[in-house]
Amino acid sequence: MNHVIIVGGGASGLMAAIMAARKKNKVTILEHKEKPGKKILATGNGKCNYTNLIQEPDCYRGKDAFFALKVINQFDVEKTLDFFLDLGVYPKIKNGYVYPNSEQAASVAEALLIEAKLLKINIHCDVHVEKIKKNADGFLIHTTKGKYTGDKVILAAGGCASPSHGSDGSGFTLAKLLGHTIIKPLPALVQLKSGEKYFKTLAGVRVEGTIKLFGNHTILAEEKGEVLLAAYGVSGIPVMQVSRFAANALEKKQTVELVIDFLPQFKLSELLELLRSRVDRNKEKTIEQVFIGLLNNKLAYVCMNQTGIKPEQPCNEVKQKQLQAIAKQLKEWRIPINDTNTFEQAQVSAGGVAVAEINQDTMESKIVRGLYFAGEIMDVDGTCGGYNLQWAWSSGAVAGMQV
């Protein structure tokens with residue numbers, strides 16, 4: 001029987017602990033927050049979208065995007081659903097997104113913790129790991145509350161996103177001291193910031209649209225869905241999906257621009273014809289009034305200002321060139337991006353331990369024998385929709401079953 005030390009009591013750490021304990025190992029979790037599983041409670045707006053039935057390579061990002069699927073195939077969605085069902089978590093499926101039927105993230109966290117207790121897993125909280133040393137007998141772990149010895153170690157300390165829930169980047173330091181390469185962590189699944197003053201006017205506006213992200217005038221990514229406009233810039237799921245590419249481009253000092261089509265249901269020529277028709281039928285109205293019922297009034301007002309057209313201009317004075325300018329602005333609204341929001345607001349971090357240094361079949365380090373990895377600490381980040389938790393479950397399960 002091995003003594004397995006797991007650094008980090010989040011999703012991947014708890015999964016790894018359960019799987020290791022089921023193999024009759026002695027298992028100790030060292031968690032530096034006051035209780036384990038805190039980040040789980042915040043997922044899916046408190047409902048915990050804990051996996052997704054659709055699993056494709058582009059759902060995961062990193063230097064080696066296929067690494068994640070190779071690991072996930074060993075403990076896939078079906079096994080994940082069976083695992084949680086065995087713990088009492090009945091799934092509710094919405095368009096492939098999987099939630100607990102209770103729609104409470106606490107259900108997932110509590111089910112894991114109950115199983116950990118039944119398996120007699122030791123969970124030590126408020127313990128910060130300062131250093132891990134490999135020796136002939138195994139590992140010596142130095143912490144703020146003394147020393148621990150173990151035969152095997154699983155690093156599941158998370159990334160940098162949401163440090164208030166425990167992911168403060170300290171795991172990267174531990175991995176680096178053990179000889180591993182760290183791909184610089186950057187915020188991902190995060191909002192994008194712009195210096196444009198008109199966002200104060202647009203704050204709170206939600207619009208279905210399509211977005212394209214450019215770095216040095218080269219397209220990096222595109223998405224569609226509901227875009228949320230805020231005082232600092234842009235948010236919403238499609239923005240979050242492309243944010244890791246924006247963060248990377250900004251890190252490289254590239255010129256980053258987001259182009260939004262606020263009326264994707266129309267071709268440019270169709271929109272121009274629609275605007276001409278509305279203007280022709282409403283000669284007595286102002287150009288701003290023509291947009292009532294077609295576009296959010298705040299967005300219409302800012303659009304007028306951006307194209308140099310006075311909102312109060314009578315329709316009978318509107319020129320074709322002005323309509324062309326309006327149509328182009330709404331179809332290709334260009335927003336300079338100067339930053340992302342911080343790790344505090346990010347749902348996950350891109351970057352981490354280089355996966356080329358990890359055995360994809362076992363999650364064991366290729367550098368330090370007996371050292372394993374699980375979860376966000378590695379250079380793998382998923383898109384929105386339960387993918388980051390599936391990565392946590394799969395990588396944690398594989399590591400736990402191999403120790």
# chains A, B, ... in the order shown; residues from 1 in each chain; ligands from 1

$ select_by_dssp --residues "stretch 282-370 of chain A" --states "alpha helix (DSSP H)" --output "ChimeraX atom specification"
/A:297-306,320-331

$ closest_residue --among "A:Gly236, A:Ile292, A:Asp58, A:Gln322" --to "A:Met304" --atoms "only C-alpha atoms"
A:Gln322

$ residues_around --residues "stretch 94-104 of chain A" --least-positions-apart "6" --cutoff "12 Å" --atoms "only C-alpha atoms" --output "NGL selection string"
:A and (40-55 or 77-78 or 80-81 or 84-85 or 87-88 or 110-111 or 384-387 or 389-390)

$ closest_residue --among "A:Ile29, A:Val259, A:Ala249, A:Leu69" --to "A:Lys224" --atoms "only C-alpha atoms"
A:Val259

$ residues_around --residues "stretch 251-257 of chain A" --least-positions-apart "4" --cutoff "8 Å" --atoms "only C-alpha atoms" --output "number ranges by chain"
A: 213-217, 246-247, 334-338

$ write_last_selection --atoms "N, CA and C atoms" --output "short mmCIF file (atom, residue, chain, number, x, y, z; two decimals), in the first residue's frame"
data_model
loop_
_atom_site.label_atom_id
_atom_site.label_comp_id
_atom_site.auth_asym_id
_atom_site.auth_seq_id
_atom_site.Cartn_x
_atom_site.Cartn_y
_atom_site.Cartn_z
N LEU A 213 -12.05 37.62 -33.92
CA LEU A 213 -10.92 38.19 -33.20
C LEU A 213 -9.71 38.23 -34.13
N PHE A 214 -9.06 39.40 -34.17
CA PHE A 214 -7.89 39.57 -35.02
C PHE A 214 -6.67 39.94 -34.19
N GLY A 215 -5.52 39.41 -34.57
CA GLY A 215 -4.24 39.79 -33.99
C GLY A 215 -3.32 40.20 -35.12
N ASN A 216 -2.85 41.45 -35.09
CA ASN A 216 -2.06 41.99 -36.21
C ASN A 216 -2.76 41.74 -37.55
N HIS A 217 -4.09 41.98 -37.56
CA HIS A 217 -4.93 41.92 -38.76
C HIS A 217 -5.10 40.51 -39.32
N ALA A 246 -6.95 36.13 -27.46
CA ALA A 246 -6.71 37.56 -27.26
C ALA A 246 -5.59 37.76 -26.24
N ALA A 247 -5.64 37.01 -25.14
CA ALA A 247 -4.61 37.13 -24.10
C ALA A 247 -3.23 36.79 -24.65
N ARG A 334 -15.87 47.52 -35.22
CA ARG A 334 -14.48 47.22 -34.85
C ARG A 334 -14.14 47.80 -33.47
N ILE A 335 -13.66 46.91 -32.61
CA ILE A 335 -13.36 47.30 -31.23
C ILE A 335 -11.90 46.98 -30.92
N PRO A 336 -11.08 47.99 -30.64
CA PRO A 336 -9.70 47.72 -30.23
C PRO A 336 -9.70 47.12 -28.82
N ILE A 337 -8.97 46.04 -28.65
CA ILE A 337 -8.86 45.36 -27.35
C ILE A 337 -7.49 45.66 -26.76
N ASN A 338 -7.48 46.22 -25.56
CA ASN A 338 -6.20 46.58 -24.95
C ASN A 338 -5.81 45.71 -23.76
#

$ closest_atom_pairs --of "stretch 8-90 of chain A" --to "stretch 376-381 of chain A" --cutoff "10 Å" --atoms "only C-alpha atoms" --output "tab-separated table"
residue	atom	partner	partner_atom	distance
A:Gly10	CA	A:Glu376	CA	9.9
A:Ala11	CA	A:Glu376	CA	9.6
A:Ser12	CA	A:Glu376	CA	8.2
A:Cys59	CA	A:Asp381	CA	8.6
A:Tyr60	CA	A:Asp381	CA	5.7
A:Arg61	CA	A:Asp381	CA	5.3
A:Gly62	CA	A:Val380	CA	5.0
A:Lys63	CA	A:Asp379	CA	7.0
A:Asp64	CA	A:Val380	CA	8.1
A:Ala65	CA	A:Val380	CA	7.3
A:Phe66	CA	A:Val380	CA	9.7
A:Phe67	CA	A:Val380	CA	8.2
A:Ala68	CA	A:Val380	CA	6.8

$ residues_around --residues "stretch 392-400 of chain A" --least-positions-apart "6" --cutoff "8 Å" --atoms "only C-alpha atoms" --output "number ranges by chain"
A: 11-20, 71-72, 74-76, 80, 154, 156, 361-364, 372-376

$ closest_atom_pairs --of "stretch 147-211 of chain A" --to "stretch 344-350 of chain A" --cutoff "9 Å" --atoms "only C-alpha atoms" --output "JSON lines"
{"residue": "A:Gly158", "atom": "CA", "partner": "A:Ser349", "partner_atom": "CA", "distance": 8.9}
{"residue": "A:Gly159", "atom": "CA", "partner": "A:Ser349", "partner_atom": "CA", "distance": 5.8}
{"residue": "A:Cys160", "atom": "CA", "partner": "A:Ser349", "partner_atom": "CA", "distance": 5.8}
{"residue": "A:Ala161", "atom": "CA", "partner": "A:Val348", "partner_atom": "CA", "distance": 4.9}
{"residue": "A:Ser162", "atom": "CA", "partner": "A:Glu344", "partner_atom": "CA", "distance": 4.7}
{"residue": "A:Pro163", "atom": "CA", "partner": "A:Glu344", "partner_atom": "CA", "distance": 6.3}
{"residue": "A:Ser164", "atom": "CA", "partner": "A:Glu344", "partner_atom": "CA", "distance": 7.4}
{"residue": "A:Ile183", "atom": "CA", "partner": "A:Ala350", "partner_atom": "CA", "distance": 8.5}
{"residue": "A:Lys184", "atom": "CA", "partner": "A:Ala350", "partner_atom": "CA", "distance": 8.0}
{"residue": "A:Pro185", "atom": "CA", "partner": "A:Ala350", "partner_atom": "CA", "distance": 5.4}
{"residue": "A:Leu186", "atom": "CA", "partner": "A:Ala350", "partner_atom": "CA", "distance": 5.2}
{"residue": "A:Pro187", "atom": "CA", "partner": "A:Ser349", "partner_atom": "CA", "distance": 4.8}
{"residue": "A:Ala188", "atom": "CA", "partner": "A:Ser349", "partner_atom": "CA", "distance": 5.1}
{"residue": "A:Leu189", "atom": "CA", "partner": "A:Gln347", "partner_atom": "CA", "distance": 5.4}
{"residue": "A:Val190", "atom": "CA", "partner": "A:Ala346", "partner_atom": "CA", "distance": 4.5}
{"residue": "A:Gln191", "atom": "CA", "partner": "A:Ala346", "partner_atom": "CA", "distance": 7.5}

$ write_last_selection --atoms "N, CA and C atoms" --output "mmCIF file, in the first residue's frame"
data_model
loop_
_atom_site.group_PDB
_atom_site.id
_atom_site.type_symbol
_atom_site.label_atom_id
_atom_site.label_comp_id
_atom_site.auth_asym_id
_atom_site.auth_seq_id
_atom_site.Cartn_x
_atom_site.Cartn_y
_atom_site.Cartn_z
ATOM 1 N N GLY A 158 -4.253 23.299 -9.329
ATOM 2 C CA GLY A 158 -4.966 24.289 -10.131
ATOM 3 C C GLY A 158 -4.038 25.241 -10.864
ATOM 4 N N GLY A 159 -4.644 26.252 -11.518
ATOM 5 C CA GLY A 159 -3.877 27.244 -12.255
ATOM 6 C C GLY A 159 -3.821 28.561 -11.515
ATOM 7 N N CYS A 160 -4.151 29.641 -12.233
ATOM 8 C CA CYS A 160 -4.136 30.980 -11.624
ATOM 9 C C CYS A 160 -5.526 31.612 -11.545
ATOM 10 N N ALA A 161 -6.499 31.015 -12.227
ATOM 11 C CA ALA A 161 -7.818 31.641 -12.308
ATOM 12 C C ALA A 161 -8.585 31.494 -10.999
ATOM 13 N N SER A 162 -9.281 32.556 -10.628
ATOM 14 C CA SER A 162 -10.095 32.578 -9.420
ATOM 15 C C SER A 162 -9.297 32.227 -8.165
ATOM 16 N N PRO A 163 -8.262 33.016 -7.857
ATOM 17 C CA PRO A 163 -7.427 32.726 -6.692
ATOM 18 C C PRO A 163 -8.191 32.703 -5.371
ATOM 19 N N SER A 164 -9.312 33.414 -5.294
ATOM 20 C CA SER A 164 -10.097 33.415 -4.060
ATOM 21 C C SER A 164 -10.671 32.035 -3.761
ATOM 22 N N ILE A 183 4.524 26.805 -19.185
ATOM 23 C CA ILE A 183 4.053 27.716 -20.224
ATOM 24 C C ILE A 183 3.366 28.868 -19.497
ATOM 25 N N LYS A 184 3.781 30.110 -19.758
ATOM 26 C CA LYS A 184 3.282 31.244 -18.984
ATOM 27 C C LYS A 184 1.752 31.258 -18.898
ATOM 28 N N PRO A 185 1.202 31.239 -17.693
ATOM 29 C CA PRO A 185 -0.251 31.259 -17.531
ATOM 30 C C PRO A 185 -0.844 32.612 -17.916
ATOM 31 N N LEU A 186 -1.967 32.572 -18.628
ATOM 32 C CA LEU A 186 -2.698 33.772 -19.023
ATOM 33 C C LEU A 186 -4.180 33.554 -18.745
ATOM 34 N N PRO A 187 -4.931 34.637 -18.493
ATOM 35 C CA PRO A 187 -6.374 34.469 -18.249
ATOM 36 C C PRO A 187 -7.085 33.902 -19.475
ATOM 37 N N ALA A 188 -8.017 32.980 -19.252
ATOM 38 C CA ALA A 188 -8.847 32.430 -20.322
ATOM 39 C C ALA A 188 -10.288 32.337 -19.807
ATOM 40 N N LEU A 189 -11.220 32.210 -20.739
ATOM 41 C CA LEU A 189 -12.637 32.306 -20.403
ATOM 42 C C LEU A 189 -12.840 33.554 -19.532
ATOM 43 N N VAL A 190 -12.470 34.675 -20.124
ATOM 44 C CA VAL A 190 -12.463 35.938 -19.386
ATOM 45 C C VAL A 190 -12.962 37.061 -20.295
ATOM 46 N N GLN A 191 -13.387 38.156 -19.698
ATOM 47 C CA GLN A 191 -13.896 39.297 -20.444
ATOM 48 C C GLN A 191 -12.750 40.078 -21.089
#

$ atom_distance --atom1 "atom CA of A:Asn25" --atom2 "atom CA of A:Tyr148"
15.8 Å
